[in-house]
file final.cif (mmCIF, C-alpha atoms and all ligand atoms)
data_target
#
loop_
_atom_site.label_atom_id
_atom_site.label_comp_id
_atom_site.auth_asym_id
_atom_site.auth_seq_id
_atom_site.Cartn_x
_atom_site.Cartn_y
_atom_site.Cartn_z
CA MET A 1 8.73 25.25 10.34
CA THR A 2 4.92 24.90 10.40
CA PRO A 3 3.73 21.95 8.27
CA VAL A 4 1.68 22.97 5.25
CA PRO A 5 -1.83 21.49 4.88
CA PRO A 6 -1.80 18.25 2.91
CA THR A 7 -2.51 18.38 -0.80
CA ARG A 8 -6.25 18.41 -1.40
CA ARG A 9 -8.09 15.13 -1.38
CA GLY A 10 -8.27 13.74 -4.88
CA ALA A 11 -4.72 14.78 -5.68
CA CYS A 12 -2.45 11.88 -6.40
CA PRO A 13 0.92 11.60 -8.08
CA ALA A 14 0.80 9.98 -11.50
CA PHE A 15 3.19 9.34 -14.33
CA LEU A 16 2.11 12.39 -16.33
CA SER A 17 1.27 14.64 -13.38
CA PRO A 18 3.82 14.29 -10.56
CA MET A 19 2.74 15.70 -7.21
CA GLU A 20 4.60 18.30 -5.16
CA THR A 21 5.70 17.19 -1.66
CA GLY A 22 8.15 18.45 0.90
CA ASP A 23 11.11 16.80 -0.84
CA GLY A 24 10.19 17.75 -4.39
CA LEU A 25 7.91 16.03 -6.86
CA ILE A 26 6.87 12.38 -6.77
CA LEU A 27 6.37 10.50 -10.00
CA ARG A 28 4.28 7.33 -9.75
CA LEU A 29 4.73 4.52 -12.22
CA VAL A 30 2.75 1.34 -12.77
CA PRO A 31 4.08 -0.81 -15.63
CA ALA A 32 1.09 -1.51 -17.89
CA ASP A 33 1.84 -5.24 -17.94
CA GLY A 34 2.84 -5.28 -14.25
CA THR A 35 6.38 -6.53 -14.90
CA LEU A 36 9.88 -5.06 -14.95
CA ALA A 37 12.93 -6.67 -16.53
CA THR A 38 16.09 -6.36 -14.47
CA ALA A 39 17.66 -3.96 -17.00
CA GLN A 40 14.61 -1.75 -16.56
CA VAL A 41 14.96 -1.83 -12.76
CA ARG A 42 18.63 -0.80 -13.05
CA GLY A 43 17.74 1.91 -15.57
CA LEU A 44 15.00 3.31 -13.33
CA ALA A 45 17.35 3.29 -10.35
CA ALA A 46 19.96 5.22 -12.35
CA ALA A 47 17.29 7.69 -13.48
CA ALA A 48 16.10 8.10 -9.87
CA ILE A 49 19.61 9.19 -8.93
CA ALA A 50 20.11 11.39 -12.00
CA PHE A 51 16.73 13.14 -11.89
CA GLY A 52 15.42 12.63 -8.34
CA SER A 53 16.74 12.16 -4.83
CA GLY A 54 17.53 8.49 -5.42
CA LEU A 55 14.77 7.37 -3.04
CA MET A 56 12.29 4.90 -4.55
CA GLU A 57 9.13 3.44 -3.05
CA VAL A 58 6.53 0.77 -3.64
CA THR A 59 3.12 1.84 -2.32
CA ALA A 60 0.40 -0.16 -0.58
CA ARG A 61 -1.31 -0.46 -3.98
CA GLY A 62 1.86 -1.78 -5.57
CA SER A 63 2.83 1.35 -7.53
CA LEU A 64 6.47 2.32 -7.96
CA GLN A 65 7.39 5.89 -6.97
CA VAL A 66 10.46 8.02 -7.61
CA ARG A 67 10.87 10.89 -5.13
CA GLY A 68 12.69 14.18 -5.08
CA LEU A 69 12.22 15.36 -8.68
CA ARG A 70 12.44 18.98 -9.73
CA ARG A 71 10.19 20.60 -12.36
CA GLU A 72 13.00 20.46 -14.89
CA THR A 73 13.82 16.79 -14.23
CA VAL A 74 10.28 15.41 -14.67
CA ALA A 75 10.41 15.23 -18.46
CA PRO A 76 13.89 13.61 -18.54
CA LEU A 77 12.69 10.91 -16.11
CA GLN A 78 9.56 10.29 -18.18
CA GLU A 79 11.69 10.07 -21.33
CA ALA A 80 14.14 7.71 -19.61
CA THR A 81 11.22 5.48 -18.60
CA TRP A 82 9.93 5.24 -22.18
CA ALA A 83 13.52 4.69 -23.46
CA LEU A 84 13.86 1.73 -21.10
CA GLY A 85 10.91 0.12 -22.88
CA ILE A 86 8.58 0.54 -19.87
CA THR A 87 5.02 1.33 -20.88
CA PRO A 88 3.42 3.14 -17.95
CA ARG A 89 -0.24 2.71 -17.17
CA LEU A 90 -2.03 5.93 -18.12
CA GLY A 91 -5.59 6.98 -17.39
CA LEU A 92 -8.03 4.96 -15.31
CA ALA A 93 -6.39 2.89 -12.54
CA ILE A 94 -7.46 -0.75 -12.85
CA ASP A 95 -5.65 -2.99 -10.37
CA VAL A 96 -5.21 -6.72 -10.81
CA SER A 97 -3.00 -9.17 -8.93
CA PRO A 98 0.64 -8.99 -10.08
CA LEU A 99 0.45 -12.77 -10.53
CA SER A 100 -2.70 -12.77 -12.71
CA GLY A 101 -2.47 -15.54 -15.27
CA LEU A 102 0.35 -17.26 -13.33
CA ASP A 103 -1.38 -18.05 -10.05
CA PRO A 104 -2.78 -21.61 -9.86
CA ARG A 105 -5.02 -20.59 -6.95
CA GLU A 106 -6.86 -17.83 -8.78
CA ILE A 107 -10.47 -18.45 -9.76
CA ALA A 108 -10.07 -16.25 -12.84
CA ASP A 109 -7.36 -14.23 -14.56
CA GLY A 110 -8.53 -10.63 -14.12
CA ARG A 111 -6.61 -9.20 -17.07
CA PRO A 112 -9.18 -9.81 -19.86
CA LEU A 113 -11.85 -8.17 -17.70
CA ALA A 114 -9.47 -5.24 -17.06
CA ASP A 115 -8.89 -4.89 -20.81
CA ALA A 116 -12.64 -4.89 -21.51
CA ILE A 117 -13.28 -2.21 -18.87
CA ARG A 118 -10.36 -0.11 -20.07
CA ALA A 119 -11.62 -0.27 -23.66
CA GLY A 120 -15.20 0.50 -22.65
CA ALA A 121 -14.17 3.45 -20.47
CA ALA A 122 -11.54 4.89 -22.84
CA ALA A 123 -13.72 7.82 -23.85
CA LEU A 124 -14.49 8.66 -20.20
CA ALA A 125 -10.91 8.86 -18.91
CA ASP A 126 -10.60 12.66 -19.13
CA ARG A 127 -13.82 13.18 -17.18
CA LEU A 128 -12.95 10.86 -14.28
CA GLY A 129 -11.10 12.10 -11.19
CA PRO A 130 -7.46 11.00 -10.74
CA LYS A 131 -8.29 8.74 -7.77
CA VAL A 132 -11.13 6.83 -9.41
CA SER A 133 -10.11 3.17 -9.44
CA VAL A 134 -11.35 -0.28 -10.29
CA VAL A 135 -10.03 -3.29 -8.37
CA ILE A 136 -10.27 -6.75 -9.92
CA ASP A 137 -9.57 -9.60 -7.50
CA GLY A 138 -9.28 -12.93 -9.28
CA GLY A 139 -9.39 -14.81 -5.96
CA GLY A 140 -5.76 -15.93 -6.03
CA ALA A 141 -2.95 -15.92 -3.50
CA ILE A 142 -2.65 -12.13 -3.55
CA ARG A 143 -5.95 -10.65 -2.45
CA LEU A 144 -6.77 -7.02 -3.10
CA ASP A 145 -9.49 -6.56 -0.50
CA GLY A 146 -7.59 -3.93 1.49
CA ARG A 147 -7.64 -1.48 -1.38
CA LYS A 148 -10.05 1.36 -1.80
CA ALA A 149 -11.99 1.04 -5.03
CA ASP A 150 -14.86 2.81 -6.75
CA VAL A 151 -15.79 -0.48 -8.38
CA ARG A 152 -14.65 -3.78 -6.89
CA LEU A 153 -14.94 -7.02 -8.83
CA VAL A 154 -14.19 -10.35 -7.17
CA ALA A 155 -14.14 -13.69 -8.98
CA MET A 156 -16.49 -16.35 -7.60
CA ARG A 157 -17.34 -19.87 -8.65
CA PRO A 158 -20.79 -20.54 -7.19
CA GLY A 159 -21.36 -23.39 -9.67
CA SER A 160 -19.45 -24.59 -12.67
CA ASP A 161 -19.02 -21.10 -14.17
CA VAL A 162 -16.99 -18.16 -12.99
CA LEU A 163 -19.05 -15.12 -12.04
CA TRP A 164 -17.87 -11.73 -10.87
CA SER A 165 -19.18 -10.05 -7.75
CA VAL A 166 -19.54 -6.37 -8.68
CA ALA A 167 -19.79 -3.77 -5.90
CA ILE A 168 -20.05 -0.10 -6.78
CA GLY A 169 -18.98 2.43 -4.19
CA GLY A 170 -18.94 -0.20 -1.47
CA GLY A 171 -22.65 -0.89 -1.98
CA ALA A 172 -24.34 -4.29 -2.24
CA ALA A 173 -22.66 -6.66 -4.72
CA VAL A 174 -24.33 -8.45 -7.62
CA LEU A 175 -23.02 -11.59 -9.31
CA LEU A 176 -22.60 -11.31 -13.08
CA PRO A 177 -20.90 -13.09 -15.97
CA GLU A 178 -17.73 -11.38 -17.20
CA ALA A 179 -19.19 -9.40 -20.13
CA GLU A 180 -22.04 -8.08 -18.00
CA ALA A 181 -19.66 -7.26 -15.14
CA ALA A 182 -17.57 -5.20 -17.57
CA ALA A 183 -20.66 -3.43 -18.92
CA ARG A 184 -21.97 -2.65 -15.43
CA THR A 185 -18.56 -1.26 -14.43
CA VAL A 186 -18.37 0.95 -17.51
CA ALA A 187 -21.92 2.18 -16.85
CA ALA A 188 -20.93 3.11 -13.27
CA LEU A 189 -17.86 4.94 -14.57
CA ALA A 190 -20.06 6.79 -17.07
CA GLY A 191 -22.30 7.81 -14.16
CA LEU A 192 -19.26 9.13 -12.32
CA ALA A 193 -18.03 11.01 -15.39
CA ALA A 194 -21.44 12.69 -15.65
CA LEU A 195 -21.13 13.91 -12.04
CA GLY A 196 -17.73 15.52 -12.66
CA ARG A 197 -14.11 14.90 -11.73
CA ALA A 198 -14.69 15.31 -8.00
CA ALA A 199 -17.21 12.45 -7.93
CA ARG A 200 -16.48 9.05 -6.39
CA ALA A 201 -18.64 5.97 -6.63
CA THR A 202 -19.95 6.52 -3.10
CA ASP A 203 -21.82 9.49 -4.66
CA LEU A 204 -23.75 7.17 -7.00
CA PRO A 205 -27.17 5.75 -6.05
CA GLY A 206 -26.58 2.64 -3.95
CA GLY A 207 -23.03 3.63 -2.98
CA ALA A 208 -22.19 3.14 0.70
CA ALA A 209 -21.34 6.24 2.75
CA SER A 210 -18.11 4.63 3.93
CA PRO A 211 -17.18 1.36 2.21
CA ARG A 212 -15.74 -1.30 4.48
CA LEU A 213 -12.22 -2.44 3.74
CA ALA A 214 -10.23 -5.32 5.11
CA ALA A 215 -8.34 -3.88 8.08
CA THR A 216 -5.58 -6.47 7.94
CA ALA A 217 -3.02 -6.13 5.18
CA ARG A 218 -1.85 -9.35 3.59
CA SER A 219 1.67 -9.03 2.35
CA PRO A 220 2.91 -11.09 -0.62
CA ILE A 221 6.09 -12.07 1.28
CA GLY A 222 7.24 -15.66 0.83
CA LEU A 223 7.19 -18.41 -1.77
CA LEU A 224 4.25 -18.96 -4.08
CA PRO A 225 3.98 -21.83 -6.56
CA LEU A 226 3.15 -20.74 -10.10
CA ALA A 227 1.04 -22.48 -12.73
CA ASP A 228 4.08 -23.15 -14.96
CA GLY A 229 5.80 -25.15 -12.20
CA SER A 230 8.21 -22.39 -11.22
CA LEU A 231 8.14 -20.32 -8.03
CA ALA A 232 7.54 -16.70 -7.20
CA CYS A 233 9.37 -15.15 -4.25
CA GLY A 234 7.81 -12.08 -2.64
CA ILE A 235 9.78 -9.69 -0.48
CA GLY A 236 8.87 -6.45 1.27
CA LEU A 237 10.62 -3.10 1.19
CA PRO A 238 11.17 -1.77 4.70
CA PHE A 239 8.24 0.61 5.20
CA GLY A 240 7.85 0.74 1.43
CA ALA A 241 11.08 2.52 0.59
CA ALA A 242 14.66 1.86 -0.48
CA ASP A 243 17.42 3.80 -2.17
CA ALA A 244 18.30 3.32 -5.82
CA ALA A 245 21.41 1.30 -4.92
CA THR A 246 19.19 -1.26 -3.17
CA PHE A 247 16.96 -1.54 -6.26
CA THR A 248 20.06 -2.08 -8.41
CA ALA A 249 21.33 -4.76 -6.01
CA LEU A 250 17.90 -6.44 -6.05
CA ALA A 251 18.00 -6.53 -9.87
CA ASP A 252 21.43 -8.17 -9.65
CA ALA A 253 20.02 -10.71 -7.18
CA VAL A 254 17.11 -11.46 -9.54
CA ASP A 255 19.58 -12.17 -12.35
CA ALA A 256 21.87 -14.26 -10.14
CA ALA A 257 18.89 -16.32 -8.97
CA GLY A 258 17.74 -16.97 -12.55
CA ALA A 259 14.39 -15.22 -12.14
CA ARG A 260 12.32 -14.00 -15.07
CA ASP A 261 11.32 -10.54 -13.84
CA LEU A 262 10.57 -8.38 -10.82
CA ARG A 263 7.02 -7.16 -10.19
CA PRO A 264 5.87 -4.34 -7.92
CA ALA A 265 3.28 -5.87 -5.58
CA PRO A 266 0.63 -4.71 -3.09
CA GLU A 267 1.56 -3.96 0.51
CA ARG A 268 4.90 -2.42 -0.48
CA GLY A 269 6.30 -5.58 -2.00
CA LEU A 270 8.27 -6.87 -4.94
CA ILE A 271 7.88 -10.33 -6.45
CA ALA A 272 10.51 -12.20 -8.48
CA THR A 273 8.94 -14.84 -10.74
CA GLY A 274 10.18 -17.88 -12.68
CA LEU A 275 12.49 -19.24 -9.95
CA ASP A 276 13.47 -22.76 -9.04
CA ALA A 277 13.80 -23.71 -5.36
CA ALA A 278 17.52 -22.93 -5.13
CA GLY A 279 17.06 -19.64 -6.96
CA ALA A 280 14.20 -18.64 -4.69
CA ARG A 281 16.33 -19.35 -1.63
CA ALA A 282 19.26 -17.37 -3.06
CA PHE A 283 17.03 -14.41 -3.94
CA ALA A 284 15.45 -14.32 -0.48
CA GLU A 285 18.88 -14.48 1.20
CA ALA A 286 20.18 -11.62 -0.97
CA ALA A 287 17.06 -9.55 -0.26
CA GLU A 288 17.45 -10.13 3.48
CA ARG A 289 21.09 -8.98 3.33
CA LEU A 290 19.80 -5.80 1.68
CA GLY A 291 17.48 -5.15 4.63
CA CYS A 292 14.27 -6.28 2.89
CA LEU A 293 11.52 -8.28 4.57
CA VAL A 294 11.59 -11.97 3.69
CA ARG A 295 9.30 -13.37 6.39
CA ALA A 296 5.60 -12.60 6.57
CA ASP A 297 5.83 -12.32 10.39
CA ASP A 298 8.52 -9.60 10.27
CA PRO A 299 7.06 -6.88 12.57
CA ARG A 300 7.80 -4.29 9.86
CA ALA A 301 5.24 -6.00 7.59
CA PHE A 302 2.44 -4.81 9.88
CA ILE A 303 3.49 -1.17 9.95
CA ALA A 304 2.72 1.36 7.23
CA ALA A 305 4.62 4.64 7.48
CA CYS A 306 4.43 7.62 5.17
CA PRO A 307 7.70 9.47 4.47
CA GLY A 308 6.86 12.13 7.07
CA ALA A 309 9.28 14.86 8.11
CA PRO A 310 11.53 16.09 6.66
CA ALA A 311 10.53 14.54 3.29
CA CYS A 312 6.97 15.86 3.21
CA ALA A 313 6.07 19.49 3.84
CA SER A 314 2.72 18.47 5.41
CA ALA A 315 4.34 16.27 8.05
CA HIS A 316 4.00 16.84 11.79
CA PHE A 317 6.52 14.16 12.81
CA PRO A 318 9.23 11.97 11.23
CA SER A 319 7.00 8.92 10.72
CA ARG A 320 9.32 6.79 8.60
CA GLN A 321 12.39 7.63 10.65
CA LEU A 322 10.53 6.49 13.76
CA ALA A 323 9.15 3.34 12.13
CA PRO A 324 12.05 0.95 12.97
CA ALA A 325 11.87 1.95 16.66
CA VAL A 326 8.07 1.53 16.57
CA ALA A 327 8.47 -1.94 15.01
CA GLN A 328 10.84 -2.88 17.81
CA ALA A 329 8.65 -1.38 20.53
CA LEU A 330 5.42 -3.01 19.33
CA GLY A 331 7.03 -6.21 17.99
CA PRO A 332 5.64 -8.54 20.68
CA LEU A 333 2.09 -7.37 19.90
CA LEU A 334 2.35 -7.71 16.12
CA ASP A 335 1.00 -11.24 15.89
CA GLY A 336 -0.83 -10.68 12.59
CA SER A 337 -3.97 -9.35 14.25
CA VAL A 338 -2.65 -5.79 14.59
CA THR A 339 -1.90 -3.25 11.86
CA VAL A 340 -0.17 0.02 12.67
CA HIS A 341 -0.16 3.17 10.59
CA LEU A 342 2.28 6.01 11.20
CA SER A 343 0.83 8.93 9.29
CA ALA A 344 2.56 12.26 9.69
CA CYS A 345 -0.68 14.08 8.83
CA SER A 346 -4.32 13.12 8.44
CA LYS A 347 -4.11 12.54 4.68
CA GLY A 348 -3.06 8.96 5.37
CA CYS A 349 -1.11 8.41 2.12
CA ALA A 350 0.59 5.18 3.23
CA HIS A 351 -2.55 3.29 4.27
CA PRO A 352 -5.98 4.69 3.37
CA ALA A 353 -7.72 1.67 4.95
CA PRO A 354 -8.47 1.45 8.67
CA ALA A 355 -5.67 0.24 10.93
CA THR A 356 -5.78 -1.19 14.44
CA LEU A 357 -3.66 1.73 15.61
CA ALA A 358 -3.24 4.82 13.43
CA PHE A 359 -0.85 7.38 14.87
CA VAL A 360 -1.51 10.65 13.09
CA GLY A 361 0.42 13.93 13.15
CA MET A 362 -1.69 16.94 14.14
CA ASP A 363 -0.61 20.28 15.54
CA ALA A 364 2.98 19.00 15.76
CA ARG A 365 1.77 16.20 18.07
CA VAL A 366 0.43 12.67 17.55
CA ALA A 367 -3.22 11.61 17.66
CA LEU A 368 -4.36 8.01 17.99
CA VAL A 369 -7.21 6.53 15.96
CA HIS A 370 -8.06 3.11 17.39
CA GLU A 371 -9.63 0.82 14.77
CA GLY A 372 -10.01 3.51 12.13
CA ALA A 373 -8.38 5.44 9.33
CA ALA A 374 -5.89 8.29 9.65
CA SER A 375 -8.43 10.61 8.04
CA GLN A 376 -10.66 10.20 11.14
CA ALA A 377 -8.04 11.66 13.49
CA ALA A 378 -9.34 14.25 15.89
CA GLY A 379 -7.26 13.55 19.04
CA PRO A 380 -6.23 12.79 21.70
CA LEU A 381 -2.73 14.11 21.23
CA ARG A 382 0.59 13.18 22.74
CA PRO A 383 4.09 14.52 22.03
CA ALA A 384 5.82 13.12 18.95
CA ASP A 385 9.23 12.89 20.60
CA THR A 386 8.03 10.27 23.11
CA LEU A 387 6.17 8.16 20.51
CA ALA A 388 8.52 5.16 20.55
CA ALA A 389 8.70 5.14 24.36
CA ASP A 390 4.90 5.50 24.64
CA LEU A 391 4.38 2.60 22.23
CA ALA A 392 6.83 0.41 24.11
CA ALA A 393 4.82 1.15 27.28
CA LEU A 394 1.53 0.34 25.49
CA ALA A 395 2.93 -2.94 24.17
CA GLU A 396 4.26 -3.87 27.61
CA GLY A 397 0.88 -3.12 29.16
CA ALA A 398 -1.05 -5.07 26.52
CA ILE A 399 1.22 -8.08 26.89
CA ARG A 400 0.82 -7.97 30.65
CA VAL A 401 -2.99 -7.97 30.46
CA ARG A 402 -3.27 -10.35 27.50
CA ARG A 403 -5.19 -13.50 28.43
CA PRO A 404 -4.21 -16.93 27.13
CA GLY A 405 -5.43 -17.32 23.55
CA GLU A 406 -6.16 -13.61 23.16
CA THR A 407 -4.76 -11.77 20.13
CA GLY A 408 -2.80 -8.55 20.35
CA ARG A 409 -5.75 -6.72 18.82
CA GLU A 410 -8.15 -8.08 21.44
CA ALA A 411 -5.77 -7.14 24.26
CA LEU A 412 -5.46 -3.58 22.93
CA ARG A 413 -9.23 -3.28 22.76
CA ARG A 414 -9.68 -4.56 26.30
CA MET A 415 -7.05 -2.25 27.75
CA ALA A 416 -8.91 0.77 26.22
CA VAL A 417 -5.87 1.97 24.39
CA ALA A 418 -7.49 5.21 23.20
CA ASP A 419 -8.29 6.21 26.80
CA LEU A 420 -4.69 5.55 27.80
CA TRP A 421 -3.46 7.69 24.90
CA ALA A 422 -5.68 10.50 26.19
CA SER A 423 -4.10 10.38 29.64
CA LYS A 424 -1.79 13.17 30.63
CA GLY A 425 1.74 12.49 31.77
CA HIS A 426 4.04 9.53 31.48
CA LEU A 427 2.30 6.60 29.77
CA LYS A 428 4.52 3.93 31.32
CA ALA A 429 3.65 5.19 34.80
CA MET A 430 -0.07 5.29 33.89
CA ILE A 431 0.00 1.70 32.66
CA GLU A 432 1.88 0.45 35.69
CA THR A 433 -0.66 1.91 38.12
S1 LIG B 1 0.29 11.39 5.03
FE1 LIG B 1 2.50 11.70 5.20
S2 LIG B 1 3.28 11.74 3.09
FE2 LIG B 1 1.03 12.01 2.99
S3 LIG B 1 0.75 14.27 2.94
FE3 LIG B 1 0.64 13.61 5.10
S4 LIG B 1 2.71 13.82 5.92
FE4 LIG B 1 2.86 13.87 3.68
#
call {"tool": "encode", "arguments": {"input": "final.cif", "output": "structure tokens"}}
result
Amino acid sequence: MTPVPPTRRGACPAFLSPMETGDGLILRLVPADGTLATAQVRGLAAAAIAFGSGLMEVTARGSLQVRGLRRETVAPLQEATWALGITPRLGLAIDVSPLSGLDPREIADGRPLADAIRAGAAALADRLGPKVSVVIDGGGAIRLDGRKADVRLVAMRPGSDVLWSVAIGGGAAVLLPEAEAAARTVAALAGLAALGRAARATDLPGGAASPRLAATARSPIGLLPLADGSLACGIGLPFGAADAATFTALADAVDAAGARDLRPAPERGLIATGLDAAGARAFAEAAERLGCLVRADDPRAFIAACPGAPACASAHFPSRQLAPAVAQALGPLLDGSVTVHLSACSKGCAHPAPATLAFVGMDARVALVHEGAASQAAGPLRPADTLAADLAALAEGAIRVRRPGETGREALRRMAVADLWASKGHLKAMIET
């Protein structure tokens, strides 16, 4: 079957407007306060089975997704969510760290600023496009610098007072006190609203043509001390997805470990908070038994993969099915310097930011973007069915040429990986000659 073109740019699944994909509709959910009680996790998992396919995801931005809905099951899932006492975030997307207010390393708690912006922009919400977003980075353990944002605010302490660096559309940042940072953000959003729902902040005066993002994802996996003396334990979902039974088992593990709640987190993670040391250990062990990532150096942490075929009708190859083999093939190169994106079409849903290696489905084959985003894919193309073998050959070649002290990313650059991908014939043979 020929893949259908990806949904237009600007389309995005949301709680009130699920998006059609190859395996039905996706409903995206961000709890307004960022937390889920374990009963709510179990309830959502049951609803995902009753009304969807049972597959659940946490995205790179830390949103929860339920896949495989039908038109007639959307409303029951929304009603089940409300009945569980979960208040979904509606309207303008304003992202803060899931540990805001609990993180002793943060320079400022971003939530009051988020509330001020939300209140100031309330009247604009209907005139802003669905992908318009504000990112507030309080400077804590979980940084949000890999996320696309129309307005990015980062806490700074240049002297005794906290100031916020405000960058609109990736343009030059200015340092402002909190109230002025909120006002400037609302003014930028008003400017966007005046331009129409297709506008993004890069369209505003001073916006950069292509804002730079951090190319290296920083996962929240591991233990983090909290300001109240307890611990948070972050885990990763393998390639951002798990079935409902795994979510139910994770909720049981949270309860058994004595944690307070479970929080969806950036980079396809979940964070249990309010643990003591023994509880944190027990939760991590249970998560590992369930196939989750519990070490930040797990090769899977450096690979983003969209659902791909057969889940998505736009897919040109089975990206998520191939992801474990790709993790194994590239494992020796994934030293923290390399990020890999398997994107079954050029929409790049799983990782909008640039990656070291983005493998992108096009014309039922796979293009490579070296040091760029999936949306930049233009070729060269290689067959999808030899992807894992080709990547194993690339990794072997890069390791062979890697000089002492050189990172995987530097070795890939020096071996001209894009030229190799463009070569015809067997990649392993090419690399060996
Ligand atoms: S990037 Fe993947 S999930 Fe997104 S539209 Fe393309 S094939 Fe589908």
call {"tool": "residues_around", "arguments": {"input": "final.cif", "residues": "Ala374 of chain A", "least_positions_apart": "6", "cutoff": "9 Å", "atoms": "only C-alpha atoms", "output": "list of chain:residue names"}}
result
A:His341, A:Leu342, A:Ser343, A:Cys345, A:Ser346, A:Lys347, A:Gly348, A:Cys349, A:His351, A:Pro352, A:Ala353, A:Pro354, A:Ala355, A:Ala358, A:Phe359, A:Val360, A:Leu368
call {"tool": "residues_around", "arguments": {"input": "final.cif", "residues": "Ile142 of chain A", "least_positions_apart": "4", "cutoff": "9 Å", "atoms": "only C-alpha atoms", "output": "list in words"}}
result
Ser97, Pro98, Leu99, Asp103, Glu106, Asp137, Gly138, Arg218, Ser219, Pro220, Ala265 and Pro266 of chain A
call {"tool": "atom_distance", "arguments": {"input": "final.cif", "atom1": "atom CA of Cys292 of chain A", "atom2": "atom CA of Gly236 of chain A"}}
result
5.6 Å
call {"tool": "closest_residue", "arguments": {"input": "final.cif", "among": "A:Met362, A:Leu237, A:Ala125, A:Leu290", "to": "ligand LIG 1 (chain B)", "atoms": "only C-alpha atoms and all ligand atoms"}}
result
A:Met362
call {"tool": "closest_residue", "arguments": {"input": "final.cif", "among": "A:Gly229, A:Gly139, A:Gly258, A:Gly397", "to": "Ala272 of chain A", "atoms": "all atoms listed in the file"}}
result
A:Gly258
call {"tool": "residues_near_ligand", "arguments": {"input": "final.cif", "ligand": "ligand LIG 1 (chain B)", "cutoff": "8 Å", "atoms": "all atoms listed in the file", "output": "list in words"}}
result
Pro5, Pro6, Thr7, Thr21, Gly22, Ala305, Cys306, Pro307, Gly308, Ala309, Ala311, Cys312, Ala313, Ser314, Ala315, His316, Phe317, Ser319, Ser343, Ala344, Cys345, Ser346, Lys347, Gly348, Cys349, Ala350 and Gly361 of chain A
call {"tool": "closest_residue", "arguments": {"input": "final.cif", "among": "A:Arg295, A:Ala39, A:Leu394, A:Pro380", "to": "Leu250 of chain A", "atoms": "all atoms listed in the file"}}
result
A:Ala39
call {"tool": "closest_residue", "arguments": {"input": "final.cif", "among": "A:Ile271, A:Ala193, A:Ala60, A:Ala149", "to": "Phe302 of chain A", "atoms": "only C-alpha atoms"}}
result
A:Ala60
call {"tool": "residues_near_point", "arguments": {"input": "final.cif", "point": "(-5.0, -4.7, 18.4)", "cutoff": "10 Å", "atoms": "only C-alpha atoms", "output": "ChimeraX atom specification"}}
result
/A:333-340,355-357,370-371,395,398,407-415,417
call {"tool": "write_last_selection", "arguments": {"input": "final.cif", "atoms": "C-alpha atoms", "output": "mmCIF file, in the coordinates of the input"}}
result
data_model
loop_
_atom_site.group_PDB
_atom_site.id
_atom_site.type_symbol
_atom_site.label_atom_id
_atom_site.label_comp_id
_atom_site.auth_asym_id
_atom_site.auth_seq_id
_atom_site.Cartn_x
_atom_site.Cartn_y
_atom_site.Cartn_z
ATOM 1 C CA LEU A 333 2.090 -7.370 19.900
ATOM 2 C CA LEU A 334 2.350 -7.710 16.120
ATOM 3 C CA ASP A 335 1.000 -11.240 15.890
ATOM 4 C CA GLY A 336 -0.830 -10.680 12.590
ATOM 5 C CA SER A 337 -3.970 -9.350 14.250
ATOM 6 C CA VAL A 338 -2.650 -5.790 14.590
ATOM 7 C CA THR A 339 -1.900 -3.250 11.860
ATOM 8 C CA VAL A 340 -0.170 0.020 12.670
ATOM 9 C CA ALA A 355 -5.670 0.240 10.930
ATOM 10 C CA THR A 356 -5.780 -1.190 14.440
ATOM 11 C CA LEU A 357 -3.660 1.730 15.610
ATOM 12 C CA HIS A 370 -8.060 3.110 17.390
ATOM 13 C CA GLU A 371 -9.630 0.820 14.770
ATOM 14 C CA ALA A 395 2.930 -2.940 24.170
ATOM 15 C CA ALA A 398 -1.050 -5.070 26.520
ATOM 16 C CA THR A 407 -4.760 -11.770 20.130
ATOM 17 C CA GLY A 408 -2.800 -8.550 20.350
ATOM 18 C CA ARG A 409 -5.750 -6.720 18.820
ATOM 19 C CA GLU A 410 -8.150 -8.080 21.440
ATOM 20 C CA ALA A 411 -5.770 -7.140 24.260
ATOM 21 C CA LEU A 412 -5.460 -3.580 22.930
ATOM 22 C CA ARG A 413 -9.230 -3.280 22.760
ATOM 23 C CA ARG A 414 -9.680 -4.560 26.300
ATOM 24 C CA MET A 415 -7.050 -2.250 27.750
ATOM 25 C CA VAL A 417 -5.870 1.970 24.390
#
call {"tool": "closest_residue", "arguments": {"input": "final.cif", "among": "A:Val294, A:Ile235, A:Ala245, A:Gly24", "to": "Gly43 of chain A", "atoms": "all atoms listed in the file"}}
result
A:Ala245
call {"tool": "atom_distance", "arguments": {"input": "final.cif", "atom1": "atom CA of Leu224 of chain A", "atom2": "atom CA of Asp298 of chain A"}}
result
17.7 Å
call {"tool": "residues_around", "arguments": {"input": "final.cif", "residues": "Ile94 of chain A", "least_positions_apart": "2", "cutoff": "6 Å", "atoms": "only C-alpha atoms", "output": "list in words"}}
result
Ser133, Val134 and Val135 of chain A
call {"tool": "atom_distance", "arguments": {"input": "final.cif", "atom1": "atom CA of Asp126 of chain A", "atom2": "atom CA of Thr87 of chain A"}}
result
19.4 Å
call {"tool": "residues_around", "arguments": {"input": "final.cif", "residues": "Cys233 of chain A", "least_positions_apart": "4", "cutoff": "8 Å", "atoms": "all atoms listed in the file", "output": "ChimeraX atom specification"}}
result
/A:221-224,271-273,275,280,283-284
call {"tool": "closest_residue", "arguments": {"input": "final.cif", "among": "A:Ala416, A:Met19, A:Ala167, A:Ala108", "to": "Leu69 of chain A", "atoms": "only C-alpha atoms"}}
result
A:Met19
